[in-house]
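Report on the following structure.
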Amino acid sequence: RSWCLFEVLQTYKLLKQTDGQHNFTGLFFCTKHGVIGAPQGDELTFDVSIALSRRLATLDVGEATASSPDDHAMIVSLISEEGGMDQMNAFIRTEMLEDLSKVQVSFNDQMVGVRSSLSRKADAIESDGDDLPVVGGNRVAL
């Protein structure tokens, strides 16, 4: 939708104007599970992050429409003043890349924690041979 694109344009312009100052934090990708790349709740957004990233990789904001041709023309004109549709596509993708980096760090941290927990549990079972799982009639150490 063109009006959504207009909002992205305003975010783009504000980021350029403030140059990271005045506590303006920019574009957020919000889901029903939380904000992608936010410090808390990443475990709920891993799958959504990947799915949205795949969609944004092929998104062409030039295909946006509006119910009013005049509104659409005005928005396209404003975007052209800021570098055009390719610039908006790049901006959205760059913002998602930054958030994906945060998600990846969180995922890796959580993976290390889960693997460590599983390893401790496996080591505890391994030290007591009677509790080893049986696979194909044989006790198997993990």
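Every chain in the structure tokens takes a letter, A first, then B, and so on in the order presented; its residues are numbered from 1, and the ligands are numbered from 1 following the presented order.
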Contacts of region 85-91 of chain A at 9 Å or less, counting only C-alpha atoms, minus same-chain residues fewer than 6 places along, as a count of residues only? 12
Can you list, as a compact mmCIF listing (two decimals) with N, CA and C atoms, in the first residue's frame, all residues belonging to chain A that DSSP tags as strand (DSSP E)?
# COMPACT_ATOMS: atom_id res chain seq x y z
N CYS A 30 7.33 -5.11 13.39
CA CYS A 30 6.52 -5.61 14.49
C CYS A 30 5.68 -6.81 14.05
N THR A 31 5.60 -7.80 14.92
CA THR A 31 4.80 -8.98 14.65
C THR A 31 3.89 -9.22 15.84
N GLY A 34 6.11 -10.06 18.78
CA GLY A 34 7.06 -9.09 19.29
C GLY A 34 7.74 -8.34 18.16
N VAL A 35 8.72 -7.54 18.54
CA VAL A 35 9.47 -6.73 17.59
C VAL A 35 10.71 -7.51 17.18
N VAL A 134 18.33 -47.24 25.33
CA VAL A 134 18.50 -48.47 24.58
C VAL A 134 18.03 -48.23 23.15
N VAL A 135 18.93 -48.50 22.19
CA VAL A 135 18.61 -48.37 20.77
C VAL A 135 18.98 -49.68 20.11
N ASN A 138 20.75 -52.28 22.30
CA ASN A 138 22.04 -51.93 22.90
C ASN A 138 21.94 -50.62 23.66
N ARG A 139 22.65 -50.52 24.77
CA ARG A 139 22.72 -49.26 25.50
C ARG A 139 23.62 -48.31 24.71
Could you state the separation of CA of Val48 (chain A) and CA of Lys32 (chain A) in Å, given to one decimal place? 9.7 Å
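Across the model, the gap from CA of Thr45 (chain A) to CA of Phe6 (chain A) is 25.7 Å.
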Region 13-71 of chain A: residues DSSP assigns to alpha helix (DSSP H), reported as a PDB file with all heavy atoms, in the first residue's frame:
ATOM      1  N   LYS A  13      13.360   9.664   6.013  1.00  0.00           N
ATOM      2  CA  LYS A  13      13.708  11.081   6.055  1.00  0.00           C
ATOM      3  C   LYS A  13      14.140  11.501   7.463  1.00  0.00           C
ATOM      4  O   LYS A  13      15.118  12.228   7.627  1.00  0.00           O
ATOM      5  CB  LYS A  13      12.534  11.927   5.572  1.00  0.00           C
ATOM      6  CG  LYS A  13      12.281  11.805   4.081  1.00  0.00           C
ATOM      7  CD  LYS A  13      11.030  12.527   3.645  1.00  0.00           C
ATOM      8  CE  LYS A  13      11.216  14.019   3.679  1.00  0.00           C
ATOM      9  NZ  LYS A  13      10.110  14.753   3.036  1.00  0.00           N
ATOM     10  N   LEU A  14      13.419  11.032   8.470  1.00  0.00           N
ATOM     11  CA  LEU A  14      13.772  11.387   9.848  1.00  0.00           C
ATOM     12  C   LEU A  14      15.131  10.824  10.234  1.00  0.00           C
ATOM     13  O   LEU A  14      15.918  11.495  10.921  1.00  0.00           O
ATOM     14  CB  LEU A  14      12.700  10.889  10.819  1.00  0.00           C
ATOM     15  CG  LEU A  14      11.449  11.750  10.898  1.00  0.00           C
ATOM     16  CD1 LEU A  14      10.353  11.045  11.680  1.00  0.00           C
ATOM     17  CD2 LEU A  14      11.772  13.099  11.530  1.00  0.00           C
ATOM     18  N   LEU A  15      15.434   9.610   9.808  1.00  0.00           N
ATOM     19  CA  LEU A  15      16.747   9.036  10.100  1.00  0.00           C
ATOM     20  C   LEU A  15      17.859   9.851   9.452  1.00  0.00           C
ATOM     21  O   LEU A  15      18.908  10.068  10.041  1.00  0.00           O
ATOM     22  CB  LEU A  15      16.817   7.579   9.636  1.00  0.00           C
ATOM     23  CG  LEU A  15      16.197   6.559  10.566  1.00  0.00           C
ATOM     24  CD1 LEU A  15      16.199   5.176   9.932  1.00  0.00           C
ATOM     25  CD2 LEU A  15      16.923   6.526  11.905  1.00  0.00           C
ATOM     26  N   LYS A  16      17.621  10.290   8.229  1.00  0.00           N
ATOM     27  CA  LYS A  16      18.612  11.124   7.544  1.00  0.00           C
ATOM     28  C   LYS A  16      18.780  12.470   8.255  1.00  0.00           C
ATOM     29  O   LYS A  16      19.896  12.954   8.415  1.00  0.00           O
ATOM     30  CB  LYS A  16      18.195  11.364   6.089  1.00  0.00           C
ATOM     31  CG  LYS A  16      18.572  10.241   5.160  1.00  0.00           C
ATOM     32  CD  LYS A  16      18.175  10.472   3.722  1.00  0.00           C
ATOM     33  CE  LYS A  16      18.414  11.843   3.202  1.00  0.00           C
ATOM     34  NZ  LYS A  16      17.995  12.032   1.804  1.00  0.00           N
ATOM     35  N   GLN A  17      17.669  13.068   8.666  1.00  0.00           N
ATOM     36  CA  GLN A  17      17.711  14.390   9.288  1.00  0.00           C
ATOM     37  C   GLN A  17      18.351  14.360  10.670  1.00  0.00           C
ATOM     38  O   GLN A  17      19.101  15.251  11.031  1.00  0.00           O
ATOM     39  CB  GLN A  17      16.305  14.970   9.403  1.00  0.00           C
ATOM     40  CG  GLN A  17      15.702  15.365   8.083  1.00  0.00           C
ATOM     41  CD  GLN A  17      14.222  15.706   8.197  1.00  0.00           C
ATOM     42  OE1 GLN A  17      13.634  15.660   9.264  1.00  0.00           O
ATOM     43  NE2 GLN A  17      13.610  16.034   7.070  1.00  0.00           N
ATOM     44  N   THR A  18      18.025  13.343  11.458  1.00  0.00           N
ATOM     45  CA  THR A  18      18.523  13.286  12.831  1.00  0.00           C
ATOM     46  C   THR A  18      19.896  12.652  12.906  1.00  0.00           C
ATOM     47  O   THR A  18      20.598  12.832  13.894  1.00  0.00           O
ATOM     48  CB  THR A  18      17.562  12.489  13.737  1.00  0.00           C
ATOM     49  OG1 THR A  18      17.467  11.149  13.256  1.00  0.00           O
ATOM     50  CG2 THR A  18      16.205  13.139  13.803  1.00  0.00           C
ATOM     51  N   PHE A  46      11.982 -15.960  15.680  1.00  0.00           N
ATOM     52  CA  PHE A  46      12.974 -16.546  14.771  1.00  0.00           C
ATOM     53  C   PHE A  46      12.354 -16.920  13.432  1.00  0.00           C
ATOM     54  O   PHE A  46      12.822 -16.496  12.369  1.00  0.00           O
ATOM     55  CB  PHE A  46      13.636 -17.787  15.374  1.00  0.00           C
ATOM     56  CG  PHE A  46      14.526 -17.510  16.558  1.00  0.00           C
ATOM     57  CD1 PHE A  46      14.572 -18.387  17.614  1.00  0.00           C
ATOM     58  CD2 PHE A  46      15.317 -16.372  16.614  1.00  0.00           C
ATOM     59  CE1 PHE A  46      15.389 -18.146  18.699  1.00  0.00           C
ATOM     60  CE2 PHE A  46      16.133 -16.118  17.694  1.00  0.00           C
ATOM     61  CZ  PHE A  46      16.172 -17.020  18.742  1.00  0.00           C
ATOM     62  N   ASP A  47      11.325 -17.729  13.447  1.00  0.00           N
ATOM     63  CA  ASP A  47      10.692 -18.172  12.206  1.00  0.00           C
ATOM     64  C   ASP A  47      10.084 -17.005  11.437  1.00  0.00           C
ATOM     65  O   ASP A  47      10.197 -16.930  10.207  1.00  0.00           O
ATOM     66  CB  ASP A  47       9.607 -19.220  12.488  1.00  0.00           C
ATOM     67  CG  ASP A  47      10.171 -20.518  13.026  1.00  0.00           C
ATOM     68  OD1 ASP A  47      11.385 -20.747  12.865  1.00  0.00           O
ATOM     69  OD2 ASP A  47       9.405 -21.306  13.601  1.00  0.00           O
ATOM     70  N   VAL A  48       9.457 -16.104  12.154  1.00  0.00           N
ATOM     71  CA  VAL A  48       8.835 -14.948  11.515  1.00  0.00           C
ATOM     72  C   VAL A  48       9.912 -14.062  10.884  1.00  0.00           C
ATOM     73  O   VAL A  48       9.727 -13.533   9.783  1.00  0.00           O
ATOM     74  CB  VAL A  48       7.993 -14.149  12.537  1.00  0.00           C
ATOM     75  CG1 VAL A  48       7.466 -12.865  11.931  1.00  0.00           C
ATOM     76  CG2 VAL A  48       6.841 -15.003  13.059  1.00  0.00           C
ATOM     77  N   SER A  49      11.044 -13.930  11.561  1.00  0.00           N
ATOM     78  CA  SER A  49      12.153 -13.127  11.026  1.00  0.00           C
ATOM     79  C   SER A  49      12.631 -13.670   9.690  1.00  0.00           C
ATOM     80  O   SER A  49      12.862 -12.905   8.749  1.00  0.00           O
ATOM     81  CB  SER A  49      13.328 -13.113  12.012  1.00  0.00           C
ATOM     82  OG  SER A  49      12.949 -12.547  13.231  1.00  0.00           O
ATOM     83  N   ILE A  50      12.776 -14.974   9.615  1.00  0.00           N
ATOM     84  CA  ILE A  50      13.235 -15.596   8.371  1.00  0.00           C
ATOM     85  C   ILE A  50      12.179 -15.415   7.277  1.00  0.00           C
ATOM     86  O   ILE A  50      12.500 -15.037   6.145  1.00  0.00           O
ATOM     87  CB  ILE A  50      13.540 -17.094   8.589  1.00  0.00           C
ATOM     88  CG1 ILE A  50      14.675 -17.262   9.594  1.00  0.00           C
ATOM     89  CG2 ILE A  50      13.856 -17.786   7.274  1.00  0.00           C
ATOM     90  CD1 ILE A  50      15.976 -16.620   9.198  1.00  0.00           C
ATOM     91  N   ALA A  51      10.931 -15.676   7.619  1.00  0.00           N
ATOM     92  CA  ALA A  51       9.860 -15.561   6.619  1.00  0.00           C
ATOM     93  C   ALA A  51       9.731 -14.124   6.104  1.00  0.00           C
ATOM     94  O   ALA A  51       9.624 -13.897   4.893  1.00  0.00           O
ATOM     95  CB  ALA A  51       8.536 -16.040   7.209  1.00  0.00           C
ATOM     96  N   LEU A  52       9.764 -13.168   7.008  1.00  0.00           N
ATOM     97  CA  LEU A  52       9.649 -11.772   6.591  1.00  0.00           C
ATOM     98  C   LEU A  52      10.863 -11.349   5.767  1.00  0.00           C
ATOM     99  O   LEU A  52      10.727 -10.653   4.762  1.00  0.00           O
ATOM    100  CB  LEU A  52       9.481 -10.856   7.805  1.00  0.00           C
ATOM    101  CG  LEU A  52       9.345  -9.364   7.491  1.00  0.00           C
ATOM    102  CD1 LEU A  52       8.166  -9.087   6.559  1.00  0.00           C
ATOM    103  CD2 LEU A  52       9.214  -8.569   8.780  1.00  0.00           C
ATOM    104  N   SER A  53      12.027 -11.792   6.160  1.00  0.00           N
ATOM    105  CA  SER A  53      13.245 -11.460   5.410  1.00  0.00           C
ATOM    106  C   SER A  53      13.184 -11.989   3.988  1.00  0.00           C
ATOM    107  O   SER A  53      13.576 -11.296   3.042  1.00  0.00           O
ATOM    108  CB  SER A  53      14.473 -12.033   6.112  1.00  0.00           C
ATOM    109  OG  SER A  53      14.630 -11.428   7.359  1.00  0.00           O
ATOM    110  N   ARG A  54      12.701 -13.203   3.840  1.00  0.00           N
ATOM    111  CA  ARG A  54      12.556 -13.767   2.494  1.00  0.00           C
ATOM    112  C   ARG A  54      11.597 -12.933   1.661  1.00  0.00           C
ATOM    113  O   ARG A  54      11.832 -12.690   0.480  1.00  0.00           O
ATOM    114  CB  ARG A  54      12.088 -15.213   2.579  1.00  0.00           C
ATOM    115  CG  ARG A  54      13.176 -16.158   3.025  1.00  0.00           C
ATOM    116  CD  ARG A  54      12.704 -17.588   3.043  1.00  0.00           C
ATOM    117  NE  ARG A  54      13.818 -18.457   3.379  1.00  0.00           N
ATOM    118  CZ  ARG A  54      13.715 -19.544   4.118  1.00  0.00           C
ATOM    119  NH1 ARG A  54      12.540 -19.919   4.586  1.00  0.00           N
ATOM    120  NH2 ARG A  54      14.776 -20.269   4.386  1.00  0.00           N
ATOM    121  N   ARG A  55      10.530 -12.491   2.271  1.00  0.00           N
ATOM    122  CA  ARG A  55       9.552 -11.666   1.552  1.00  0.00           C
ATOM    123  C   ARG A  55      10.136 -10.306   1.191  1.00  0.00           C
ATOM    124  O   ARG A  55       9.974  -9.820   0.079  1.00  0.00           O
ATOM    125  CB  ARG A  55       8.286 -11.502   2.397  1.00  0.00           C
ATOM    126  CG  ARG A  55       7.232 -10.607   1.789  1.00  0.00           C
ATOM    127  CD  ARG A  55       6.672 -11.194   0.497  1.00  0.00           C
ATOM    128  NE  ARG A  55       5.718 -10.290  -0.090  1.00  0.00           N
ATOM    129  CZ  ARG A  55       5.939  -9.580  -1.212  1.00  0.00           C
ATOM    130  NH1 ARG A  55       7.065  -9.684  -1.864  1.00  0.00           N
ATOM    131  NH2 ARG A  55       5.012  -8.773  -1.673  1.00  0.00           N
ATOM    132  N   LEU A  56      10.853  -9.698   2.124  1.00  0.00           N
ATOM    133  CA  LEU A  56      11.439  -8.383   1.863  1.00  0.00           C
ATOM    134  C   LEU A  56      12.551  -8.449   0.820  1.00  0.00           C
ATOM    135  O   LEU A  56      12.800  -7.467   0.117  1.00  0.00           O
ATOM    136  CB  LEU A  56      11.973  -7.770   3.157  1.00  0.00           C
ATOM    137  CG  LEU A  56      10.905  -7.377   4.185  1.00  0.00           C
ATOM    138  CD1 LEU A  56      11.563  -6.851   5.451  1.00  0.00           C
ATOM    139  CD2 LEU A  56       9.924  -6.372   3.614  1.00  0.00           C
ATOM    140  N   ALA A  57      13.202  -9.588   0.701  1.00  0.00           N
ATOM    141  CA  ALA A  57      14.266  -9.750  -0.295  1.00  0.00           C
ATOM    142  C   ALA A  57      13.731  -9.619  -1.713  1.00  0.00           C
ATOM    143  O   ALA A  57      14.454  -9.230  -2.628  1.00  0.00           O
ATOM    144  CB  ALA A  57      14.964 -11.092  -0.110  1.00  0.00           C
ATOM    145  N   THR A  58      12.450  -9.923  -1.895  1.00  0.00           N
ATOM    146  CA  THR A  58      11.861  -9.863  -3.239  1.00  0.00           C
ATOM    147  C   THR A  58      10.818  -8.754  -3.376  1.00  0.00           C
ATOM    148  O   THR A  58      10.294  -8.543  -4.466  1.00  0.00           O
ATOM    149  CB  THR A  58      11.198 -11.207  -3.606  1.00  0.00           C
ATOM    150  OG1 THR A  58      10.162 -11.497  -2.666  1.00  0.00           O
ATOM    151  CG2 THR A  58      12.225 -12.332  -3.609  1.00  0.00           C
ATOM    152  N   PRO A  69      -5.740   7.622  -6.960  1.00  0.00           N
ATOM    153  CA  PRO A  69      -4.615   7.861  -7.876  1.00  0.00           C
ATOM    154  C   PRO A  69      -3.823   9.125  -7.526  1.00  0.00           C
ATOM    155  O   PRO A  69      -2.602   9.162  -7.686  1.00  0.00           O
ATOM    156  CB  PRO A  69      -5.279   7.988  -9.243  1.00  0.00           C
ATOM    157  CG  PRO A  69      -6.573   7.262  -9.113  1.00  0.00           C
ATOM    158  CD  PRO A  69      -7.001   7.468  -7.686  1.00  0.00           C
ATOM    159  N   ASP A  70      -4.506  10.148  -7.022  1.00  0.00           N
ATOM    160  CA  ASP A  70      -3.818  11.384  -6.640  1.00  0.00           C
ATOM    161  C   ASP A  70      -2.875  11.148  -5.453  1.00  0.00           C
ATOM    162  O   ASP A  70      -1.751  11.651  -5.425  1.00  0.00           O
ATOM    163  CB  ASP A  70      -4.821  12.485  -6.284  1.00  0.00           C
ATOM    164  CG  ASP A  70      -5.584  12.984  -7.499  1.00  0.00           C
ATOM    165  OD1 ASP A  70      -5.109  12.761  -8.642  1.00  0.00           O
ATOM    166  OD2 ASP A  70      -6.652  13.600  -7.310  1.00  0.00           O
ATOM    167  N   ASP A  71      -3.364  10.382  -4.463  1.00  0.00           N
ATOM    168  CA  ASP A  71      -2.517  10.045  -3.313  1.00  0.00           C
ATOM    169  C   ASP A  71      -1.279   9.276  -3.777  1.00  0.00           C
ATOM    170  O   ASP A  71      -0.154   9.567  -3.367  1.00  0.00           O
ATOM    171  CB  ASP A  71      -3.277   9.195  -2.294  1.00  0.00           C
ATOM    172  CG  ASP A  71      -4.317   9.993  -1.530  1.00  0.00           C
ATOM    173  OD1 ASP A  71      -4.366  11.232  -1.667  1.00  0.00           O
ATOM    174  OD2 ASP A  71      -5.085   9.353  -0.778  1.00  0.00           O
TER     175      ASP A  71
END
Point-to-point distance in Å for CA of Thr11 (chain A) and CA of Gln104 (chain A):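 Between CA of Gln104 (chain A) and CA of Thr11 (chain A) the gap works out to 24.4 Å.
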Within 10 Å of Gly37 (chain A), counting only C-alpha atoms, which residues show up once you throw out same-chain ones fewer than 6 positions away? Write them as an MDAnalysis selection string, please. chainID A and resid 28:30 45:46 49 96:106
Which residue out of A:Ser77, A:Ser2, A:Thr94, A:Thr65 has the minimum interatomic distance to Gly26 (chain A) when only C-alpha atoms are used?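 Going through A:Ser77, A:Ser2, A:Thr94, A:Thr65 one by one, the smallest distance to Gly26 (chain A) is for A:Thr94.
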Residues within 6 Å of Ala66 (chain A), please, as a ChimeraX atom specification. Count only C-alpha atoms; anything in the same chain fewer than 2 positions from it doesn't count. /A:1-2,68,72
Given only C-alpha atoms as the basis, pick out the residue of A:Met111, A:Ile36, A:Cys4, A:Leu118 nearest to Ile75 (chain A).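 Selected residue with least distance to Ile75 (chain A): A:Cys4.
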